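Asker: Quick one: the structure is below, questions incoming.
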Amino acid sequence: MKRLTYLFLVLFWALSAIAQDKMFASYQDLISDQGDVVTTLNKSKRSINQIYMSPGADYEIYSQGNKELTEYLKKRTYAVRLNDTLYVNLKHMKYKKYRFGNWYALAQQVQGNVYFQAQPLGQIASSTLLPKEGSKLGGSVGDAINASGLVNVRVYYVIDPLTGIADFVGKEKMTELLANQPDLLEAFGQEESEGADVIGKYLEKLK
């Protein structure tokens, strides 16, 4: 009986450790996995209406009943790992001259780099990424996202470890990543979209 109790306690401790969440204060902390362990974080996916009203990323990370921690998560935390899923705070993130807005984006680490999903900005927001029912945008495309169907579209970006600025992951960059994977490169060459669903599929294969 004592042995069963001991095994149960060990199993409970192991599962609790696995379920612990981590907050990271910087890109360097994230890469080295040097984060603060927390157990009170919550996640909610923002609706399309919320994104229209307050442009930004797809997820809100917060601590129920802890306003100070929630505020820290909004303004100062760089990234959060909830169980095995990574989220990057886009509050201070930029792509060229464009800012992504607030909140957290779904991310993943591949071959030592951090990739995340967000709305297409600037020149990325081209007609090839618009929904079929959408129309071509003129002028400053990045400033017109919320007035178009692009509020639903996601593409991948990679964070430059030296500058902290995001760079678009499209056909050109993905072709470079797959250079040593001829089968994957051939399959990717048949793809027509640069959307997150396609790019993410090949990033997963590179892990």
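Identifiers in the structure tokens: chain A, B, ... in order shown; residue index from 1 per chain; ligand index from 1 in order shown.
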If you count only C-alpha atoms, which residues fall within 9 Å of Ala25 (chain A), apart from same-chain ones fewer than 5 positions away, as a PyMOL selection string?
Answerer: chain A and resi 30+34-36+76-79
Asker: Could you please determine the separation between CA of Phe168 (chain A) and CA of Tyr202 (chain A) in Å, to one decimal place?
Answerer: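 A separation of 15.0 Å between them.
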Asker: Considering only C-alpha atoms, return as a list in words whatever protein or nucleic-acid residues lie within 10 Å of Tyr27 (chain A), sequence-local ones (same chain, fewer than 2 positions apart) excluded.
Answerer: Phe24, Ala25, Asp29, Leu30, Ile31, Ser32, Asp33, Tyr78, Ala79, Val88, Val114, Ile159, Asp160, Pro161, Leu162 and Gly164 of chain A
Asker: Could the residues in this selection be written to a file with N, CA and C atoms, as an mmCIF file, in the first residue's frame?
Answerer:
data_model
loop_
_atom_site.group_PDB
_atom_site.id
_atom_site.type_symbol
_atom_site.label_atom_id
_atom_site.label_comp_id
_atom_site.auth_asym_id
_atom_site.auth_seq_id
_atom_site.Cartn_x
_atom_site.Cartn_y
_atom_site.Cartn_z
ATOM 1 N N PHE A 24 9.004 34.044 -20.395
ATOM 2 C CA PHE A 24 10.350 34.410 -20.800
ATOM 3 C C PHE A 24 10.430 35.927 -20.969
ATOM 4 N N ALA A 25 11.484 36.509 -20.428
ATOM 5 C CA ALA A 25 11.625 37.967 -20.438
ATOM 6 C C ALA A 25 12.283 38.496 -21.707
ATOM 7 N N ASP A 29 16.435 34.500 -23.391
ATOM 8 C CA ASP A 29 15.908 33.603 -22.359
ATOM 9 C C ASP A 29 15.075 32.492 -22.982
ATOM 10 N N LEU A 30 14.317 32.835 -24.002
ATOM 11 C CA LEU A 30 13.493 31.832 -24.674
ATOM 12 C C LEU A 30 14.349 30.763 -25.336
ATOM 13 N N ILE A 31 15.356 31.191 -26.077
ATOM 14 C CA ILE A 31 16.220 30.243 -26.787
ATOM 15 C C ILE A 31 16.963 29.320 -25.818
ATOM 16 N N SER A 32 17.381 29.881 -24.676
ATOM 17 C CA SER A 32 18.115 29.079 -23.687
ATOM 18 C C SER A 32 17.189 28.398 -22.684
ATOM 19 N N ASP A 33 15.890 28.600 -22.845
ATOM 20 C CA ASP A 33 14.879 28.006 -21.961
ATOM 21 C C ASP A 33 15.061 28.434 -20.509
ATOM 22 N N TYR A 78 8.108 38.513 -22.888
ATOM 23 C CA TYR A 78 8.456 38.342 -24.302
ATOM 24 C C TYR A 78 7.717 37.161 -24.926
ATOM 25 N N ALA A 79 7.663 36.059 -24.190
ATOM 26 C CA ALA A 79 7.011 34.854 -24.697
ATOM 27 C C ALA A 79 6.533 34.001 -23.526
ATOM 28 N N VAL A 88 4.274 34.063 -28.597
ATOM 29 C CA VAL A 88 5.175 35.212 -28.569
ATOM 30 C C VAL A 88 4.361 36.497 -28.458
ATOM 31 N N VAL A 114 12.844 31.078 -34.023
ATOM 32 C CA VAL A 114 11.468 31.209 -33.548
ATOM 33 C C VAL A 114 10.600 31.762 -34.670
ATOM 34 N N ILE A 159 11.893 35.461 -36.309
ATOM 35 C CA ILE A 159 12.505 36.546 -35.556
ATOM 36 C C ILE A 159 14.008 36.555 -35.787
ATOM 37 N N ASP A 160 14.539 37.685 -36.216
ATOM 38 C CA ASP A 160 15.982 37.844 -36.385
ATOM 39 C C ASP A 160 16.622 37.904 -35.001
ATOM 40 N N PRO A 161 17.509 36.965 -34.673
ATOM 41 C CA PRO A 161 18.088 36.928 -33.329
ATOM 42 C C PRO A 161 18.970 38.127 -32.992
ATOM 43 N N LEU A 162 19.467 38.835 -34.009
ATOM 44 C CA LEU A 162 20.347 39.981 -33.776
ATOM 45 C C LEU A 162 19.576 41.283 -33.583
ATOM 46 N N GLY A 164 15.950 41.380 -33.482
ATOM 47 C CA GLY A 164 14.650 41.188 -32.850
ATOM 48 C C GLY A 164 13.494 41.538 -33.761
#
Asker: Please, what distance in Å, to one decimal, runs between CA of Val151 (chain A) and CA of Met53 (chain A)?
Answerer: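 Interatomic distance, CA of Val151 (chain A) to CA of Met53 (chain A): 11.2 Å.
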Asker: Name all residues at most 6 Å from region 116-125 of chain A (count only C-alpha atoms; drop same-chain ones fewer than 2 positions away) and give them as a PDB file with N, CA and C atoms, in the first residue's frame.
Answerer:
ATOM      1  N   ALA A 105       0.949  35.701 -30.296  1.00  0.00           N
ATOM      2  CA  ALA A 105       0.818  34.916 -31.522  1.00  0.00           C
ATOM      3  C   ALA A 105       1.322  33.500 -31.304  1.00  0.00           C
ATOM      4  N   LEU A 106       0.664  32.551 -31.931  1.00  0.00           N
ATOM      5  CA  LEU A 106       1.096  31.160 -31.880  1.00  0.00           C
ATOM      6  C   LEU A 106       2.464  31.039 -32.542  1.00  0.00           C
ATOM      7  N   ALA A 107       3.386  30.340 -31.888  1.00  0.00           N
ATOM      8  CA  ALA A 107       4.768  30.273 -32.387  1.00  0.00           C
ATOM      9  C   ALA A 107       5.326  28.865 -32.238  1.00  0.00           C
ATOM     10  N   VAL A 141      -1.081  48.888 -48.270  1.00  0.00           N
ATOM     11  CA  VAL A 141      -1.828  47.677 -47.966  1.00  0.00           C
ATOM     12  C   VAL A 141      -1.808  47.360 -46.469  1.00  0.00           C
ATOM     13  N   GLY A 142      -0.652  47.569 -45.849  1.00  0.00           N
ATOM     14  CA  GLY A 142      -0.553  47.236 -44.438  1.00  0.00           C
ATOM     15  C   GLY A 142      -1.503  48.021 -43.569  1.00  0.00           C
ATOM     16  N   VAL A 153      -6.514  36.131 -42.446  1.00  0.00           N
ATOM     17  CA  VAL A 153      -5.349  35.483 -43.058  1.00  0.00           C
ATOM     18  C   VAL A 153      -4.152  35.527 -42.118  1.00  0.00           C
ATOM     19  N   ARG A 154      -3.389  34.427 -42.079  1.00  0.00           N
ATOM     20  CA  ARG A 154      -2.179  34.366 -41.274  1.00  0.00           C
ATOM     21  C   ARG A 154      -1.014  33.885 -42.144  1.00  0.00           C
ATOM     22  N   VAL A 155       0.143  34.488 -41.915  1.00  0.00           N
ATOM     23  CA  VAL A 155       1.374  34.046 -42.561  1.00  0.00           C
ATOM     24  C   VAL A 155       2.422  33.846 -41.469  1.00  0.00           C
ATOM     25  N   TYR A 156       3.549  33.281 -41.851  1.00  0.00           N
ATOM     26  CA  TYR A 156       4.617  33.050 -40.879  1.00  0.00           C
ATOM     27  C   TYR A 156       5.710  34.104 -40.985  1.00  0.00           C
ATOM     28  N   TYR A 157       6.257  34.437 -39.820  1.00  0.00           N
ATOM     29  CA  TYR A 157       7.419  35.312 -39.709  1.00  0.00           C
ATOM     30  C   TYR A 157       8.469  34.600 -38.865  1.00  0.00           C
TER      31      TYR A 157
END
Asker: From the set A:Gly170, A:Lys96, A:Leu150, A:Gly200, which residue has the shortest atom-to-atom contact distance to Ile48 (chain A), counting only C-alpha atoms?
Answerer: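 So, comparing all the options, the nearest one is A:Leu150.
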Asker: Quick one: pull the distance between CA of Gln50 (chain A) and CA of Lys74 (chain A), Å, one decimal.
Answerer: 16.1 Å
Asker: Using DSSP on the backbone coordinates, identify all residues within region 10-97 of chain A classified as strand (DSSP E or B); present the result as a list in words.
Answerer: Asp21, Lys22, Met23, Phe24, Asp36, Val37, Val38, Leu41, Asn42, Lys43, Ser44, Lys45, Gly56, Tyr59, Glu60, Ile61, Tyr62, Ser63, Ala79, Val80, Arg81, Leu82, Thr85, Leu86, Tyr87, Val88, Asn89, Lys94 and Tyr95 of chain A
Asker: Which of region 78-204 of chain A counts as helix (DSSP H, G or I) under DSSP, as number ranges by chain please?
Answerer: A: 122-124, 127-129, 141-147, 149-152, 171-177, 182-189, 196-204
Asker: Could you list, as a ChimeraX atom specification, every residue within 10 Å of region 41-47 of chain A, counting only C-alpha atoms and ignoring same-chain residues fewer than 2 positions away?
Answerer: /A:20-23,38-39,49-54,56-64,66,69-70,73,80-82,87,103-105
Asker: Just want the 12 Å neighbourhood of Gln181 (chain A), counted on only C-alpha atoms, with same-chain residues fewer than 4 positions away dropped. Output as a compact mmCIF listing (two decimals) with all heavy atoms, in the first residue's frame.
Answerer:
# COMPACT_ATOMS: atom_id res chain seq x y z
N MET A 174 11.43 29.85 -47.51
CA MET A 174 11.14 28.45 -47.29
C MET A 174 11.95 27.56 -48.23
O MET A 174 12.39 26.47 -47.86
CB MET A 174 9.64 28.21 -47.51
CG MET A 174 9.09 26.96 -46.83
SD MET A 174 9.13 27.11 -45.04
CE MET A 174 9.86 25.54 -44.59
N THR A 175 12.18 28.03 -49.44
CA THR A 175 13.02 27.29 -50.39
C THR A 175 14.44 27.15 -49.85
O THR A 175 15.06 26.09 -49.99
CB THR A 175 13.03 27.99 -51.76
OG1 THR A 175 11.71 28.01 -52.29
CG2 THR A 175 13.94 27.26 -52.74
N GLU A 176 14.94 28.20 -49.23
CA GLU A 176 16.28 28.14 -48.62
C GLU A 176 16.31 27.13 -47.48
O GLU A 176 17.27 26.35 -47.35
CB GLU A 176 16.67 29.52 -48.10
CG GLU A 176 16.87 30.57 -49.17
CD GLU A 176 17.14 31.94 -48.60
OE1 GLU A 176 17.24 32.05 -47.35
OE2 GLU A 176 17.25 32.92 -49.37
N LEU A 177 15.27 27.11 -46.66
CA LEU A 177 15.22 26.19 -45.52
C LEU A 177 15.15 24.73 -45.97
O LEU A 177 15.65 23.84 -45.29
CB LEU A 177 14.01 26.50 -44.64
CG LEU A 177 14.05 27.82 -43.86
CD1 LEU A 177 12.71 28.08 -43.19
CD2 LEU A 177 15.16 27.78 -42.81
N LEU A 185 11.42 19.85 -50.83
CA LEU A 185 11.57 21.00 -51.71
C LEU A 185 10.73 20.83 -52.97
O LEU A 185 10.08 21.78 -53.44
CB LEU A 185 13.04 21.20 -52.08
CG LEU A 185 13.37 22.42 -52.94
CD1 LEU A 185 12.95 23.70 -52.22
CD2 LEU A 185 14.87 22.44 -53.25
N GLU A 186 10.73 19.63 -53.51
CA GLU A 186 9.93 19.36 -54.71
C GLU A 186 8.44 19.51 -54.41
O GLU A 186 7.69 20.10 -55.20
CB GLU A 186 10.22 17.95 -55.22
CG GLU A 186 9.45 17.62 -56.50
CD GLU A 186 9.77 16.22 -57.01
OE1 GLU A 186 10.60 15.53 -56.39
OE2 GLU A 186 9.16 15.82 -58.02
N ALA A 187 8.02 18.97 -53.26
CA ALA A 187 6.61 19.07 -52.87
C ALA A 187 6.22 20.53 -52.64
O ALA A 187 5.15 20.98 -53.06
CB ALA A 187 6.35 18.25 -51.61
N PHE A 188 7.10 21.28 -52.00
CA PHE A 188 6.81 22.69 -51.71
C PHE A 188 6.72 23.50 -53.00
O PHE A 188 5.95 24.46 -53.08
CB PHE A 188 7.89 23.27 -50.80
CG PHE A 188 7.66 24.72 -50.46
CD1 PHE A 188 6.63 25.09 -49.63
CD2 PHE A 188 8.48 25.71 -50.99
CE1 PHE A 188 6.40 26.43 -49.32
CE2 PHE A 188 8.27 27.04 -50.68
CZ PHE A 188 7.22 27.40 -49.85
N TYR A 202 5.41 22.63 -43.57
CA TYR A 202 6.80 22.30 -43.88
C TYR A 202 7.74 22.64 -42.72
O TYR A 202 8.76 21.97 -42.52
CB TYR A 202 7.23 23.03 -45.15
CG TYR A 202 6.54 22.45 -46.38
CD1 TYR A 202 5.34 22.97 -46.84
CD2 TYR A 202 7.07 21.34 -47.05
CE1 TYR A 202 4.69 22.42 -47.93
CE2 TYR A 202 6.44 20.79 -48.14
CZ TYR A 202 5.24 21.33 -48.57
OH TYR A 202 4.60 20.76 -49.67
N LEU A 203 7.40 23.64 -41.95
CA LEU A 203 8.20 23.94 -40.74
C LEU A 203 8.14 22.75 -39.78
O LEU A 203 9.15 22.40 -39.15
CB LEU A 203 7.69 25.21 -40.06
CG LEU A 203 8.00 26.53 -40.76
CD1 LEU A 203 7.34 27.69 -40.01
CD2 LEU A 203 9.52 26.76 -40.83
N LYS A 205 7.87 19.68 -40.52
CA LYS A 205 8.69 18.59 -41.06
C LYS A 205 10.18 18.85 -40.84
O LYS A 205 11.00 17.92 -40.91
CB LYS A 205 8.42 18.39 -42.54
CG LYS A 205 7.00 17.91 -42.85
CD LYS A 205 6.78 17.78 -44.34
CE LYS A 205 5.34 17.39 -44.65
NZ LYS A 205 5.00 16.03 -44.14
N LEU A 206 10.56 20.10 -40.57
CA LEU A 206 11.97 20.43 -40.34
C LEU A 206 12.38 20.30 -38.88
O LEU A 206 13.56 20.45 -38.57
CB LEU A 206 12.24 21.86 -40.83
CG LEU A 206 12.23 22.07 -42.34
CD1 LEU A 206 12.39 23.56 -42.65
CD2 LEU A 206 13.35 21.27 -43.00
Asker: I'd like the neighbourhood of Gln190 (chain A) as a PyMOL selection string, where a residue qualifies if any of its atoms comes within 12 Å (using only C-alpha atoms), though same-chain residues fewer than 6 positions away should be ignored.
Answerer: chain A and resi 171+175+183-184+198
